[in-house]
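A short write-up of the structure that comes next.
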Amino acid sequence: MSRFPATRCANCGTVYGHRVSVCRECHADEMESHPISGRGTVYATTTIRVPSAKFEGDAPYEVCIVDVGTDEPVRVTARLTDREDPEPGDEVRFVERQNGTIYFEIHG
Ligand SMILES: [Zn+2]
């Protein structure tokens with residue numbers, strides 16, 4: 001299983017799932033790579049019917065809020081590679097991050 005490429009503030013240790021250049025907690029700008037477990041759980045789902053230009057033609061599609069990582073989960077917005085209807089509580093695995101979009105697949 002792929003590790004999830006989280007980022008950690010070198011100053012205060014806050015972990016981020018999405019790329020940030022400045023820490024929201026302490027405002028330091030020194031971020032370090034912090035891979036965590038790619039195992040995650042769906043927290044919520046939303047169907048996007050009016051997509052941004054980047055995803056025009058994909059709509060409608062599901063976007064999930066996923067808590068990823070086992071020790072210190074971080075909450076990220078992601079899409080699923082398989083188009084099954086996800087439900088809150090579903091177990092997912094990290095697949096890849098492509099052009100800033102995070103992709104998971106349903107586990108099992
Ligand atoms: Zn910080």
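Chains: A, B, ... in order of the structure tokens. Residues: from 1 per chain. Ligands: from 1, in order shown.
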
Can I get the residues close to ligand 1 as a tab-separated table (two decimals) with all heavy atoms, in the first residue's frame, where close means within 6 Å and we count only C-alpha atoms and all ligand atoms?
```tsv
chain	number	residue	atom	x	y	z
A	9	CYS	N	4.94	20.55	9.80
A	9	CYS	CA	5.64	21.78	10.15
A	9	CYS	C	6.88	21.43	10.95
A	9	CYS	O	6.80	20.74	11.97
A	9	CYS	CB	4.71	22.68	10.96
A	9	CYS	SG	5.55	24.15	11.61
A	11	ASN	N	8.58	23.32	12.70
A	11	ASN	CA	8.65	24.10	13.93
A	11	ASN	C	7.75	23.52	15.04
A	11	ASN	O	8.21	23.25	16.14
A	11	ASN	CB	8.26	25.55	13.65
A	11	ASN	CG	8.40	26.44	14.87
A	11	ASN	OD1	9.45	26.43	15.52
A	11	ASN	ND2	7.36	27.17	15.19
A	12	CYS	N	6.45	23.29	14.72
A	12	CYS	CA	5.53	22.86	15.78
A	12	CYS	C	5.00	21.44	15.59
A	12	CYS	O	4.33	20.90	16.46
A	12	CYS	CB	4.37	23.85	15.91
A	12	CYS	SG	3.14	23.73	14.59
A	13	GLY	N	5.28	20.83	14.43
A	13	GLY	CA	4.90	19.43	14.24
A	13	GLY	C	3.49	19.18	13.74
A	13	GLY	O	3.07	18.04	13.60
A	14	THR	N	2.74	20.24	13.45
A	14	THR	CA	1.40	20.07	12.89
A	14	THR	C	1.50	19.36	11.53
A	14	THR	O	2.33	19.71	10.71
A	14	THR	CB	0.70	21.44	12.73
A	14	THR	OG1	0.62	22.06	14.01
A	14	THR	CG2	-0.72	21.26	12.17
A	23	CYS	N	2.57	27.36	7.97
A	23	CYS	CA	1.82	26.64	9.00
A	23	CYS	C	0.69	27.51	9.54
A	23	CYS	O	0.90	28.67	9.89
A	23	CYS	CB	2.76	26.24	10.13
A	23	CYS	SG	1.91	25.36	11.46
A	25	GLU	N	-0.84	27.04	12.28
A	25	GLU	CA	-0.78	27.10	13.75
A	25	GLU	C	0.27	28.09	14.23
A	25	GLU	O	0.01	28.88	15.13
A	25	GLU	CB	-0.45	25.70	14.32
A	25	GLU	CG	-1.49	24.65	13.98
A	25	GLU	CD	-2.87	24.97	14.58
A	25	GLU	OE1	-2.92	25.52	15.70
A	25	GLU	OE2	-3.88	24.66	13.92
A	26	CYS	N	1.47	28.01	13.67
A	26	CYS	CA	2.56	28.83	14.21
A	26	CYS	C	3.14	29.79	13.17
A	26	CYS	O	4.05	30.55	13.49
A	26	CYS	CB	3.66	27.94	14.78
A	26	CYS	SG	4.64	27.12	13.52
A	27	HIS	N	2.64	29.73	11.93
A	27	HIS	CA	3.06	30.63	10.86
A	27	HIS	C	4.51	30.44	10.43
A	27	HIS	O	5.08	31.29	9.75
A	27	HIS	CB	2.79	32.09	11.23
A	27	HIS	CG	1.37	32.33	11.64
A	27	HIS	ND1	0.30	32.23	10.76
A	27	HIS	CD2	0.82	32.61	12.85
A	27	HIS	CE1	-0.82	32.46	11.43
A	27	HIS	NE2	-0.55	32.67	12.69
A	28	ALA	N	5.13	29.33	10.81
A	28	ALA	CA	6.47	29.03	10.29
A	28	ALA	C	6.31	28.62	8.83
A	28	ALA	O	5.26	28.15	8.41
A	28	ALA	CB	7.11	27.91	11.09
```

Find the residues near Arg3 (chain A): any atom within 6 Å, counting only C-alpha atoms, skip ones fewer than 5 places away on the same chain, and give them as JSON, numbers by chain. {"A": [35, 36, 37, 38]}

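For Tyr43 (chain A), the set of protein, DNA and RNA residues having any atom at most 10 Å away, when counting only C-alpha atoms and skipping those fewer than 5 positions along the same chain, is Cys64, Ile65, Val66, Asp67, Val68, Arg75, Val76, Thr77, Pro86, Glu87, Pro88, Gly89, Asp90 and Glu91 of chain A.
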
Export of the given selection (N, CA and C atoms) as a compact mmCIF listing (two decimals), in the first residue's frame:
```txt
# COMPACT_ATOMS: atom_id res chain seq x y z
N CYS A 64 -14.90 12.90 -1.45
CA CYS A 64 -14.95 12.39 -0.09
C CYS A 64 -14.08 13.23 0.83
N ILE A 65 -14.55 13.37 2.06
CA ILE A 65 -13.69 13.86 3.12
C ILE A 65 -13.15 12.60 3.80
N VAL A 66 -11.82 12.46 3.78
CA VAL A 66 -11.20 11.23 4.28
C VAL A 66 -10.25 11.57 5.43
N ASP A 67 -10.35 10.78 6.49
CA ASP A 67 -9.37 10.87 7.56
C ASP A 67 -8.31 9.82 7.24
N VAL A 68 -7.10 10.26 6.91
CA VAL A 68 -6.05 9.35 6.49
C VAL A 68 -4.93 9.29 7.53
N ARG A 75 -7.30 15.18 7.93
CA ARG A 75 -8.53 15.21 7.13
C ARG A 75 -8.24 15.85 5.78
N VAL A 76 -8.55 15.12 4.71
CA VAL A 76 -8.29 15.64 3.37
C VAL A 76 -9.53 15.48 2.50
N THR A 77 -9.59 16.28 1.46
CA THR A 77 -10.64 16.15 0.44
C THR A 77 -10.05 15.34 -0.70
N PRO A 86 -19.42 5.80 -2.23
CA PRO A 86 -18.83 5.65 -0.91
C PRO A 86 -19.81 6.06 0.19
N GLU A 87 -19.63 5.48 1.36
CA GLU A 87 -20.46 5.81 2.52
C GLU A 87 -19.53 6.23 3.65
N PRO A 88 -20.00 7.12 4.51
CA PRO A 88 -19.18 7.43 5.69
C PRO A 88 -18.84 6.16 6.45
N GLY A 89 -17.60 6.03 6.85
CA GLY A 89 -17.15 4.83 7.57
C GLY A 89 -16.46 3.82 6.68
N ASP A 90 -16.57 3.98 5.36
CA ASP A 90 -15.87 3.07 4.45
C ASP A 90 -14.36 3.17 4.64
N GLU A 91 -13.70 2.02 4.56
CA GLU A 91 -12.25 1.98 4.61
C GLU A 91 -11.70 2.23 3.21
```

For region 93-95 of chain A: contacts at 9 Å, only C-alpha atoms, fewer than 3 positions along chain excluded, given as a compact mmCIF listing (two decimals) with C-alpha atoms, in the first residue's frame:
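File selection22.txt, as written:
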```txt
# COMPACT_ATOMS: atom_id res chain seq x y z
CA MET A 1 0.00 0.00 0.00
CA SER A 2 1.25 3.49 -0.85
CA ARG A 3 2.21 5.81 1.96
CA PHE A 4 0.32 9.07 2.05
CA SER A 37 -0.08 5.32 6.52
CA GLY A 38 -2.20 5.39 3.37
CA ARG A 39 -5.07 3.76 5.23
CA GLY A 40 -8.09 6.00 5.65
CA THR A 41 -11.74 6.21 6.57
CA VAL A 68 -6.05 9.35 6.49
CA LEU A 80 -12.09 7.81 -5.48
CA THR A 81 -10.59 5.98 -8.43
CA ILE A 102 -5.77 13.12 -3.95
CA TYR A 103 -7.15 9.75 -5.02
CA PHE A 104 -8.25 6.85 -2.84
CA GLU A 105 -9.82 3.49 -3.64
CA ILE A 106 -12.33 1.53 -1.60
CA HIS A 107 -10.50 -1.06 0.49
```

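Closest approach to Ile48 (chain A) from the set A:Ser33, A:Asp71, A:Tyr61, A:Arg97 is made by A:Tyr61, with distances taken over only C-alpha atoms.
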